[in-house]
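Q: Take this structure, written in structure tokens, and hold onto it; I'll ask about it next.
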Amino acid sequence: MSTMFQTLYDWFWWDRLWLPVSLTWSDLEDKEGRVYAKASHLYVTVPYSIVFLVVRYLFERFVATPVAASFGIGDKIRQKAPDNVILEKYFCSCSRNPTQLDIDGLSKKCIWTRRQVERWFRKRRNQDRPGLLKKFREASWRFVFYLLAFIGGLIALYDKPWFYSTREVWVGFPKQTMLESQYWYYILEMSFYVSLLFSITFDVKRKDFKEQIIHHLATLTLLAFSWCVNYIRIGSLVMITHDASDVLLESAKLFNYAKWETTCNSIFVVFAIVFMVTRLIIFPFWLIHCTWVYPVEMYPAFFGYYFFNAMLVVLLLLHIFWAYLILRMVRKFLFGNLTGDERSDEEEEDEEGASNATEEEEEARQKVSNGAGTRALNGTRSLQATAPAY
């Protein structure tokens, strides 16, 4: 068994897979005053990610929560769905959104009307929806990190020649010594993304949940690979390109949750412009061009070359997907109201509004059936029509 694992280990770290022809791992050993990144350095990202989770908990509790209170942000008291063993079992094991046929069957089992069953599922789904306070605290944490990471990236890169000319990325490759600023920029950024993977099941789930997981995994894979094969210069440029727009996105969310619509819309416009420029222009036409064209001018293409560029293309495809969502939000901003994050599920208020409207309509129907007249029903329908919807 140990022999098999050793064989797999040797095969995985085979020089020809990850390094250009004529280069070996021995070329990336510390010597002649040069210090190189090593795979063993990445082990520290696991304990650091746990530290990030602890710091995040403290930040959200003692900083973000008071700030949210100063903006008048808090969780609404939610109506709890009445206890029902049959419906709860179906909700947990089968579906959160039963079909009309299932509702008919459940109503017979519970000896409830269809309306009562539908109302129960609305309330039960609403219980699991994240509150506004949770969203605000989560966005606050990400905003603070991305802001500090972006500032730190600028400090680490502003005086480097490869920050202004991508050809400088490959000057002297692979014998490029690792700088202390690069070490901390990489380790902290990777630790943060590892912490996001740890907390992803507890964070607010959005419509692009799967895409977010793919993004985190692709980002970590890119950073780990670039670290091991000394692609640190291009890796740092990729990180700061992403952080630039993430800061604006999280700040726009904060003002959206605080109901500062004018400020939110203004920041969102700036975010959309920065996103399009950094993710759809600089990223493909500068950074991917840098990793696709320049390396083969020095070495023949190898597996690591294709692997790294494939991961960059995965990120680019995710950028295109998110750009589509952003353009939908821009359309709402220009021709209607920008009322929330296009990636988000329906807000809690919408669900409650639909539930309340349905209950009132049911009461009106009962009045109609009892001869109370149609005026109450028409009034209730008008109220339901004015309820916000996405």
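Every chain in the structure tokens has a letter given in the order shown (A, B, ...), and although residue numbers restart at 1 in each chain, ligands are simply numbered from 1 in the order shown.
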What lies within 12 Å of Arg142 (chain A) using only C-alpha atoms, ignoring chain neighbours under 4 positions off, as a PyMOL selection string?
A: chain A and resi 52-53+56+59-60+64+135-138+146-150+189+192-193+195-196+203+243+246-254
Q: So that each row is one residue of region 129-246 of chain A with an atom at most 10 Å from region 286-305 of chain A, can you give its shortest atom pair and the distance in Å to one decimal, using only C-alpha atoms, rows by chain and rising number, as a Markdown table?
A:
```
| residue | atom | partner | partner_atom | distance |
| --- | --- | --- | --- | --- |
| A:Ser165 | CA | A:Trp286 | CA | 9.4 |
| A:Thr166 | CA | A:Cys290 | CA | 6.1 |
| A:Arg167 | CA | A:Cys290 | CA | 7.1 |
| A:Glu168 | CA | A:Cys290 | CA | 9.8 |
| A:Val169 | CA | A:Cys290 | CA | 8.1 |
| A:Trp170 | CA | A:Pro295 | CA | 7.3 |
| A:Phe173 | CA | A:Met298 | CA | 9.3 |
| A:Phe225 | CA | A:Gly304 | CA | 8.5 |
| A:Ser226 | CA | A:Gly304 | CA | 9.7 |
| A:Val229 | CA | A:Gly304 | CA | 8.7 |
| A:Tyr231 | CA | A:Thr291 | CA | 9.5 |
| A:Ile234 | CA | A:Leu287 | CA | 7.3 |
| A:Gly235 | CA | A:Leu287 | CA | 9.5 |
| A:Leu237 | CA | A:Leu287 | CA | 7.7 |
| A:Val238 | CA | A:Leu287 | CA | 7.3 |
| A:Thr241 | CA | A:Leu287 | CA | 9.4 |
```
Q: Quote the spacing between CA of Asp15 (chain A) and CA of Asn230 (chain A) in Å to one decimal place.
A: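 Result for CA of Asp15 (chain A) versus CA of Asn230 (chain A): 13.4 Å, one decimal.
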Q: If I take CA of Pro161 (chain A) and CA of Arg233 (chain A), how far is one from the other in Å, to one decimal?
A: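 Value for the CA of Pro161 (chain A)-CA of Arg233 (chain A) distance: 10.3 Å.
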Q: In terms of the shortest atom-to-atom distance over only C-alpha atoms, which of A:Lys210, A:Lys160, A:His216, A:Arg279 is closest to Ser191 (chain A)?
A: A:His216
Q: Distance CA of Val54 (chain A)-CA of Phe202 (chain A), one decimal place?
A: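 One can read the CA of Val54 (chain A) to CA of Phe202 (chain A) distance as 14.2 Å.
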Q: Do a neighbour search on Gln176 (chain A) at 12 Å with only C-alpha atoms, toss out local chain neighbours closer than 2 positions, and write the hits as a VMD selection string.
A: chain A and resid 27 to 37 168 to 174 178 to 179 182 227 229 to 233
